Structures are given as structure tokens and as C-alpha cells.
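Undergrad: Take a look at data19.txt, compact mmCIF, C-alpha atoms:
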# COMPACT_ATOMS: atom_id res chain seq x y z
CA MET A 19 7.84 23.17 5.33
CA VAL A 20 11.16 21.58 4.38
CA THR A 21 13.47 21.15 7.34
CA SER A 22 16.55 20.17 5.40
CA GLY A 23 18.90 23.13 5.43
CA THR A 24 19.85 25.52 2.63
CA ASP A 25 20.91 22.78 0.23
CA GLY A 26 17.40 21.44 -0.22
CA LEU A 27 15.87 18.06 0.53
CA PRO A 28 17.55 15.03 -1.08
CA PHE A 29 15.11 12.35 -2.23
CA MET A 30 14.81 9.23 -4.36
CA LYS A 31 12.03 8.49 -6.84
CA MET A 32 11.01 4.82 -6.85
CA HIS A 33 8.09 2.72 -8.00
CA GLY A 34 6.64 -0.75 -7.76
CA LEU A 35 4.51 -1.54 -10.84
CA GLY A 36 3.96 2.18 -11.45
CA ASN A 37 2.81 2.73 -7.86
CA ASP A 38 5.29 5.58 -7.38
CA PHE A 39 7.01 7.05 -4.36
CA VAL A 40 9.29 9.77 -3.15
CA VAL A 41 11.67 8.31 -0.56
CA VAL A 42 13.50 10.56 1.91
CA ASP A 43 16.30 9.25 4.12
CA GLY A 44 15.71 11.00 7.43
CA ARG A 45 18.83 9.43 8.89
CA ALA A 46 20.79 12.04 6.92
CA GLY A 47 19.51 14.77 9.22
CA VAL A 48 16.49 15.85 7.17
CA THR A 49 12.78 15.37 7.63
CA VAL A 50 9.43 16.26 6.08
CA ASP A 51 5.96 17.20 7.27
CA ALA A 52 2.46 17.13 5.78
CA ALA A 53 2.91 20.48 3.98
CA THR A 54 6.09 19.22 2.31
CA ALA A 55 4.33 16.02 1.27
CA ILE A 56 1.49 18.00 -0.33
CA ALA A 57 3.89 20.27 -2.21
CA MET A 58 6.13 17.45 -3.42
CA GLY A 59 3.14 15.26 -4.28
CA ASP A 60 1.68 17.71 -6.81
CA ARG A 61 2.30 16.15 -10.23
CA HIS A 62 2.31 19.53 -12.00
CA PHE A 63 4.13 21.83 -9.55
CA GLY A 64 6.09 19.27 -7.51
CA VAL A 65 7.65 15.85 -8.01
CA GLY A 66 4.51 13.74 -7.97
CA PHE A 67 3.93 10.49 -6.09
CA ASP A 68 1.30 8.17 -4.70
CA GLN A 69 3.05 8.03 -1.31
CA LEU A 70 6.11 9.56 0.32
CA ALA A 71 8.19 7.24 2.52
CA LEU A 72 10.39 8.71 5.25
CA ILE A 73 13.20 6.41 6.42
CA GLU A 74 14.37 6.77 10.03
CA ASP A 75 16.37 4.70 12.49
CA GLY A 76 14.35 1.71 13.63
CA THR A 77 13.58 0.55 17.17
CA ASN A 78 14.19 -3.20 17.30
CA ALA A 79 14.27 -3.11 13.48
CA ASP A 80 16.80 -2.18 10.82
CA VAL A 81 14.84 0.90 9.74
CA ALA A 82 11.55 2.65 10.50
CA LEU A 83 9.13 3.97 7.85
CA THR A 84 6.49 6.69 7.95
CA PHE A 85 4.18 7.03 4.93
CA TYR A 86 2.46 10.18 3.66
CA ASN A 87 -0.24 10.27 1.00
CA SER A 88 -0.16 13.02 -1.62
CA ASP A 89 -2.90 14.90 0.28
CA GLY A 90 -0.62 15.12 3.35
CA SER A 91 -2.43 12.46 5.37
CA THR A 92 -0.49 9.49 6.72
CA ALA A 93 -0.90 5.84 5.77
CA GLY A 94 -0.31 3.04 8.24
CA ALA A 95 0.93 0.67 5.54
CA CYS A 96 2.28 0.84 2.00
CA GLY A 97 3.42 -2.50 0.67
CA ASN A 98 5.08 -1.45 -2.59
CA ALA A 99 6.95 1.42 -0.92
CA THR A 100 8.12 -0.99 1.78
CA ARG A 101 9.45 -3.33 -0.91
CA CYS A 102 11.19 -0.43 -2.73
CA VAL A 103 12.89 0.83 0.42
CA ALA A 104 13.83 -2.72 1.40
CA ALA A 105 15.44 -3.33 -2.02
CA TRP A 106 17.50 -0.14 -1.76
CA GLU A 107 18.50 -0.68 1.87
CA MET A 108 19.44 -4.32 1.33
CA ALA A 109 21.66 -3.31 -1.58
CA ARG A 110 23.21 -0.52 0.52
CA ARG A 111 23.98 -2.91 3.37
CA GLY A 112 24.90 -5.87 1.17
CA VAL A 113 22.32 -8.18 2.81
CA ASP A 114 19.45 -10.34 1.57
CA ALA A 115 16.96 -9.75 4.40
CA LEU A 116 15.78 -6.77 6.41
CA THR A 117 13.30 -5.71 9.09
CA LEU A 118 11.28 -2.52 8.76
CA ARG A 119 9.17 -0.93 11.49
CA THR A 120 5.90 0.60 10.30
CA GLU A 121 2.82 1.85 12.09
CA ARG A 122 1.41 -1.64 11.57
CA ASP A 123 4.27 -3.67 13.03
CA ILE A 124 7.80 -4.84 12.26
CA LEU A 125 7.72 -6.22 8.71
CA HIS A 126 10.21 -8.73 7.30
CA ALA A 127 11.57 -8.34 3.76
CA ARG A 128 13.90 -10.52 1.71
CA ARG A 129 15.22 -10.85 -1.80
CA SER A 130 13.23 -13.20 -4.05
CA GLY A 131 14.85 -13.78 -7.43
CA ASP A 132 14.80 -10.46 -9.28
CA GLY A 133 12.16 -9.06 -6.93
CA VAL A 134 11.55 -8.40 -3.26
CA SER A 135 9.15 -10.14 -0.87
CA VAL A 136 7.70 -8.54 2.23
CA ASN A 137 5.52 -10.07 4.91
CA MET A 138 2.68 -7.58 5.44
CA GLY A 139 1.51 -9.36 8.59
CA ALA A 140 -1.69 -11.21 9.38
CA PRO A 141 -4.88 -9.72 7.90
CA LEU A 142 -7.22 -8.01 10.35
CA LEU A 143 -10.67 -9.54 9.92
CA ASP A 144 -12.62 -8.35 12.98
CA TRP A 145 -14.70 -5.20 12.45
CA ARG A 146 -12.94 -3.41 15.31
CA ASP A 147 -9.53 -3.97 13.78
CA VAL A 148 -10.25 -2.97 10.17
CA PRO A 149 -11.56 -0.60 11.63
CA LEU A 150 -15.30 -0.24 10.98
CA ALA A 151 -17.75 2.05 12.72
CA ARG A 152 -19.98 -0.76 14.00
CA ASP A 153 -20.29 -4.51 14.34
CA VAL A 154 -21.01 -5.98 10.91
CA ASP A 155 -19.95 -9.08 8.97
CA THR A 156 -16.65 -8.07 7.34
CA LEU A 157 -17.16 -10.74 4.66
CA HIS A 158 -20.46 -9.18 3.52
CA LEU A 159 -20.65 -5.46 4.23
CA PRO A 160 -24.08 -3.76 4.20
CA ILE A 161 -23.00 -1.62 1.22
CA ASP A 162 -24.35 -1.79 -2.33
CA GLY A 163 -22.25 -4.31 -4.22
CA ASP A 164 -21.68 -6.64 -1.22
CA PRO A 165 -17.98 -5.77 -0.65
CA VAL A 166 -15.52 -7.34 1.80
CA ALA A 167 -13.63 -5.40 4.49
CA THR A 168 -10.03 -6.28 5.34
CA GLY A 169 -7.43 -4.56 7.51
CA MET A 170 -3.79 -4.70 6.42
CA GLY A 171 -2.56 -1.94 8.71
CA ASN A 172 -4.90 0.26 6.68
CA PRO A 173 -8.57 -0.36 5.80
CA HIS A 174 -9.74 -1.94 2.53
CA CYS A 175 -13.11 -2.37 0.84
CA THR A 176 -13.11 -4.97 -1.97
CA PHE A 177 -15.85 -5.28 -4.59
CA PHE A 178 -16.04 -8.46 -6.68
CA VAL A 179 -17.39 -7.55 -10.12
CA ASP A 180 -17.85 -9.10 -13.56
CA ASP A 181 -15.22 -6.89 -15.20
CA ALA A 182 -12.92 -4.67 -13.15
CA THR A 183 -11.85 -2.74 -16.26
CA ALA A 184 -15.44 -1.67 -16.99
CA VAL A 185 -16.16 -0.12 -13.57
CA ASP A 186 -16.20 3.67 -13.12
CA LEU A 187 -13.53 3.42 -10.45
CA PRO A 188 -13.20 7.17 -9.72
CA ALA A 189 -16.91 7.37 -8.94
CA LEU A 190 -16.99 4.17 -6.90
CA GLY A 191 -13.78 4.97 -5.08
CA ARG A 192 -14.63 8.57 -4.28
CA THR A 193 -18.01 7.55 -2.83
CA ASN A 194 -16.84 4.60 -0.75
CA GLU A 195 -13.54 6.06 0.50
CA HIS A 196 -15.69 8.29 2.72
CA HIS A 197 -18.44 5.77 3.52
CA PRO A 198 -19.62 6.25 7.13
CA LEU A 199 -18.88 2.59 7.88
CA PHE A 200 -15.15 3.44 7.58
CA PRO A 201 -14.24 6.02 10.25
CA GLU A 202 -10.65 6.32 8.95
CA ARG A 203 -11.73 6.28 5.29
CA THR A 204 -10.79 3.28 3.15
CA ASN A 205 -8.94 2.05 0.10
CA VAL A 206 -11.34 0.67 -2.52
CA GLN A 207 -10.66 -2.20 -4.92
CA VAL A 208 -12.62 -3.75 -7.79
CA THR A 209 -11.60 -7.22 -8.87
CA HIS A 210 -12.69 -10.18 -10.96
CA LEU A 211 -11.50 -13.76 -11.34
CA ILE A 212 -9.46 -14.39 -14.50
CA GLY A 213 -8.80 -18.07 -13.79
CA PRO A 214 -7.85 -20.39 -10.95
CA ASP A 215 -5.96 -18.37 -8.34
CA HIS A 216 -5.63 -15.45 -10.76
CA LEU A 217 -7.27 -12.06 -10.15
CA ARG A 218 -7.54 -8.80 -12.08
CA MET A 219 -7.69 -5.80 -9.74
CA ARG A 220 -7.89 -2.01 -9.92
CA VAL A 221 -7.51 0.28 -6.93
CA TRP A 222 -8.56 3.64 -5.53
CA GLU A 223 -6.26 4.64 -2.66
CA ARG A 224 -7.56 6.85 0.12
CA GLY A 225 -5.91 10.26 0.06
CA VAL A 226 -4.57 9.63 -3.46
CA GLY A 227 -7.16 8.39 -5.98
CA VAL A 228 -6.70 5.84 -8.75
CA THR A 229 -3.21 4.28 -8.75
CA LEU A 230 -1.53 1.81 -11.10
CA ALA A 231 -0.88 -0.63 -8.26
CA SER A 232 -1.09 -1.06 -4.50
CA GLY A 233 0.66 -3.69 -2.44
CA SER A 234 -1.55 -3.60 0.64
CA SER A 235 -4.64 -3.56 -1.60
CA SER A 236 -3.38 -6.63 -3.46
CA CYS A 237 -2.95 -8.40 -0.13
CA ALA A 238 -6.45 -7.40 0.94
CA VAL A 239 -8.00 -8.57 -2.35
CA ALA A 240 -6.23 -11.93 -2.14
CA VAL A 241 -7.42 -12.43 1.44
CA ALA A 242 -10.98 -11.42 0.52
CA ALA A 243 -11.03 -13.80 -2.46
CA ALA A 244 -9.77 -16.69 -0.35
CA ARG A 245 -12.34 -15.95 2.36
CA ARG A 246 -15.11 -15.92 -0.24
CA GLY A 247 -13.91 -19.30 -1.56
CA LEU A 248 -13.06 -17.89 -4.98
CA THR A 249 -9.35 -18.75 -4.81
CA GLY A 250 -6.79 -20.52 -2.71
CA ARG A 251 -4.39 -18.61 -0.48
CA THR A 252 -1.66 -18.22 -3.11
CA VAL A 253 -2.75 -16.00 -5.99
CA ARG A 254 -1.51 -13.88 -8.86
CA VAL A 255 -2.91 -10.36 -8.88
CA ASP A 256 -2.78 -8.43 -12.17
CA LEU A 257 -2.96 -4.64 -11.70
CA ASP A 258 -2.88 -1.76 -14.16
CA GLY A 259 0.89 -1.50 -13.63
CA GLY A 260 1.87 -5.18 -13.55
CA THR A 261 1.65 -8.32 -11.45
CA LEU A 262 2.17 -9.16 -7.78
CA LEU A 263 2.24 -12.62 -6.23
CA ILE A 264 0.41 -12.90 -2.92
CA ASP A 265 0.78 -15.83 -0.52
CA TRP A 266 -1.38 -15.84 2.62
CA ARG A 267 0.59 -18.07 4.99
CA ASP A 268 0.29 -18.89 8.67
CA ASP A 269 2.89 -16.22 9.51
CA GLY A 270 1.24 -13.46 7.46
CA VAL A 271 0.54 -12.28 3.92
CA TRP A 272 3.66 -12.35 1.76
CA MET A 273 3.80 -10.08 -1.28
CA THR A 274 6.40 -10.48 -4.04
CA GLY A 275 7.12 -8.29 -7.05
CA PRO A 276 9.60 -6.01 -8.83
CA THR A 277 10.91 -2.63 -7.68
CA ALA A 278 12.53 0.26 -9.55
CA HIS A 279 14.82 3.11 -8.44
CA VAL A 280 14.11 5.76 -11.08
CA PHE A 281 16.27 8.76 -10.10
CA ASP A 282 17.72 10.84 -7.27
CA GLY A 283 16.94 14.52 -6.85
CA VAL A 284 16.93 17.51 -4.50
CA TRP A 285 13.73 19.36 -3.58
CA HIS A 286 14.01 23.16 -3.22
CA GLY A 287 10.34 23.91 -2.61
Since I need it in another form, could you write the structure as C-alpha cells?
TA:
Amino acid sequence: MVTSGTDGLPFMKMHGLGNDFVVVDGRAGVTVDAATAIAMGDRHFGVGFDQLALIEDGTNADVALTFYNSDGSTAGACGNATRCVAAWEMARRGVDALTLRTERDILHARRSGDGVSVNMGAPLLDWRDVPLARDVDTLHLPIDGDPVATGMGNPHCTFFVDDATAVDLPALGRTNEHHPLFPERTNVQVTHLIGPDHLRMRVWERGVGVTLASGSSSCAVAVAAARRGLTGRTVRVDLDGGTLLIDWRDDGVWMTGPTAHVFDGVWHG
């Protein structure tokens, strides 16, 4: 259901490395629900997106964000959408830094050259916080392929492989998204080491499927690689849609990359 009046629902189409979003400014007196997200998310009969981001007034933050997946479920974190909204809102306000409240926490964003950086917060490494269904070693999950579990406000399952481009990602992702060890389902990544502090990664997002990029997944992969001793804490992550720079610092995991505002539209569904 669209609750936006007779003139339709204004929205923006944005993307970060091809990880694409519909962004709705709820401060204009409009809102969306799961049914609207499903209808708009259909790439044949709607607009099409990986996630929908709803902007609202923030509590102790400049803005608040709620994220919907294209299947109507909600996501606790969406790094590339956060960067896209931050870029647009900083330009609108004429500022170089911003705070954004998400389900995870208040996130800090700032301009970084031609891109935008956002601090996605400290990674969640305890099994309860990921969350997992039972007490296991998050660095070596009892799942075929020996993946790593990481929480970034949403759960992640990272497989280190010889060649990420050769993996049947739809099959692996579909199976492990619903693995019983992940009670809230999980995002699934496959990654391999290209060189020192340089990773190649592909991602299956829960509630969406294969996407060209994912910010929170890139953070999770970088954390998992550092924990495994494969890289340092500052890495380049090459995705199908482009490159993100991830820096796991004492104050959280910083993610930096480009954003794009593609077009504005009005939804009459």
C-alpha cells in the first residue's frame, strides 16, 4: 500500500557500485510498507532495487533510515544505501559530515575525496550477536566450506575459496541463506585473495539474491580476512560492480566508495 496521497510516491533511484536503491524521503509526509517495497522492487513490473531506504527524522541523529529488501523484509544495515543517502543529504544541507540512525546504531558519514565514507560500527564477533542459533566458533563455522560468521548489524557468512568467480553463487547463497545456524537468515559471500590486502568478493544478499555489490558484506569479508590472518585491517575489496576500501579501526569499520544519484521519479502503483 502506498500512503502518499493522490499524487503518487516521490522517490530517488541511487546506486553504489551497481548495488541499487529506491530512496523515499518520509519527511515529506509520505511513507511505505512491505507491500509497497515488494511492488516497487519488482524489476519487470516496478522500479527494481536491491534495497529501499526510507528517510525519516532522526532521534539524536541528523536522519533515521529504515531498509527494506525487495522481498518486503527489513534489513538492519545497508552500507551502500547509507553512503548514497549521506551523499545526497550532505549536499542538500551543504555539510561534509552527517549522522544517520539505523537499526544497528547511529552511524557517522563524511565526504572522502569524490566518494563517501561511513563508519559501520564495530563488528559483532560473538555467536549471540551475529546472531547464530547456538554457541560455535564464529571464525570456523561447522558448515561445509569452513566459513566465517560476522555481524555488521545484519548476519554474514563468508566462504574463502580459490576463485570467487567460479563458484555457483546462486546455489551456495540460496542454500546457506536459510541454514539453521542462522535464525535470521544470512548474507553469503565468496571471496579470494588477489594480493596483499586485496580481495575479490561476490555476494548473495538475504531477501534479494545475487547483487553487484554490498557495503555491509564488504565490511564483513574484510573483518573475516583479517581475523583469519589473510590480510591486514585495511583492504581493497573488488566486487562485481566496482571497488570499496575497508578500514577496520578501533572506532569501527569504515567503508569508502563512490555513490550515484541516477534519477527522480513518482510511483503510482
Undergrad: Between CA of Thr176 in chain A and CA of Val136 in chain A, measure the distance and give it in Å to one decimal.
TA: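 Atom-to-atom, CA of Thr176 in chain A and CA of Val136 in chain A are spaced 21.5 Å apart.
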Undergrad: With only C-alpha atoms as the atoms that count, which of A:Trp285, A:Phe29, A:Trp222, A:Phe85 lies nearest to Asp43 in chain A?
TA: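 Using only C-alpha atoms, the shortest distance to Asp43 in chain A belongs to A:Phe29.
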Undergrad: With only C-alpha atoms as the atoms that count, which of A:Ile212, A:Ala140, A:Met108, A:Val226 lies nearest to Ala55 in chain A?
TA: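 Nearest candidate to Ala55 in chain A out of A:Ile212, A:Ala140, A:Met108, A:Val226: A:Val226.
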Undergrad: With distances taken over all atoms listed in the file, which residue among A:Val255, A:Arg267, A:Gly227, A:Ala167 lies nearest His210 in chain A?
TA: A:Val255
Undergrad: How many Å lie between CA of Val134 in chain A and CA of Ala104 in chain A, rounded to one decimal?
TA: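 It comes out at 7.7 Å.
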Undergrad: Applying 12 Å and all atoms listed in the file, which residues near Val81 in chain A remain after dropping the ones on its own chain fewer than 2 positions away? List them as a PyMOL selection string.
TA: chain A and resi 43-45+71-79+83-84+100+103-104+106-108+111+116-120+123-127
Undergrad: Identify which of the residues A:Ala109, A:Leu70, A:Leu187, A:Ala244 lies closest to Asp265 in chain A, counting all atoms listed in the file when measuring atom-to-atom distances.
TA: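 Of A:Ala109, A:Leu70, A:Leu187, A:Ala244, the one nearest Asp265 in chain A is A:Ala244, counting all atoms listed in the file.
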Undergrad: At a cut-off of 12 Å, using only C-alpha atoms, what residues contact Pro160 in chain A? Leave out same-chain residues fewer than 4 positions from it and give the result as a PyMOL selection string.
TA: chain A and resi 150+152-156+164-167+175+197-200
Undergrad: Tell me which protein, DNA and RNA residues are within 9 Å of Ser235 in chain A, counting only C-alpha atoms, leaving out same-chain ones fewer than 5 positions away, and put them as number ranges by chain.
TA: A: 96-97, 170, 173-176, 205-207, 219, 221, 223, 240
Undergrad: For the atom pair CA of His279 in chain A and CA of Met32 in chain A, what is the interatomic distance in Å to one decimal place?
TA: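 Those two atoms sit 4.5 Å apart.
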Undergrad: When you count all atoms listed in the file, which of these residues is closest to Met138 in chain A: A:Arg101, A:Arg245, A:His158, A:Arg110?
TA: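 Counting all atoms listed in the file, the residue closest to Met138 in chain A is A:Arg101.
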Undergrad: May I ask which of the residues A:Phe67, A:Trp266, A:Phe281, A:Phe178 is the closest one to Asn137 in chain A, counting all atoms listed in the file?
TA: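 The shortest atom-to-atom distance to Asn137 in chain A comes from A:Trp266.
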Undergrad: With 8 Å added on each side, what axis-aligned box encloses every listed atom of range 107-123 of chain A? Give the centre and edge lengths in Å to one decimal, as lines of an AutoDock Vina configuration file.
TA:
center_x = 13.2
center_y = -4.2
center_z = 5.7
size_x = 39.5
size_y = 28.2
size_z = 30.6
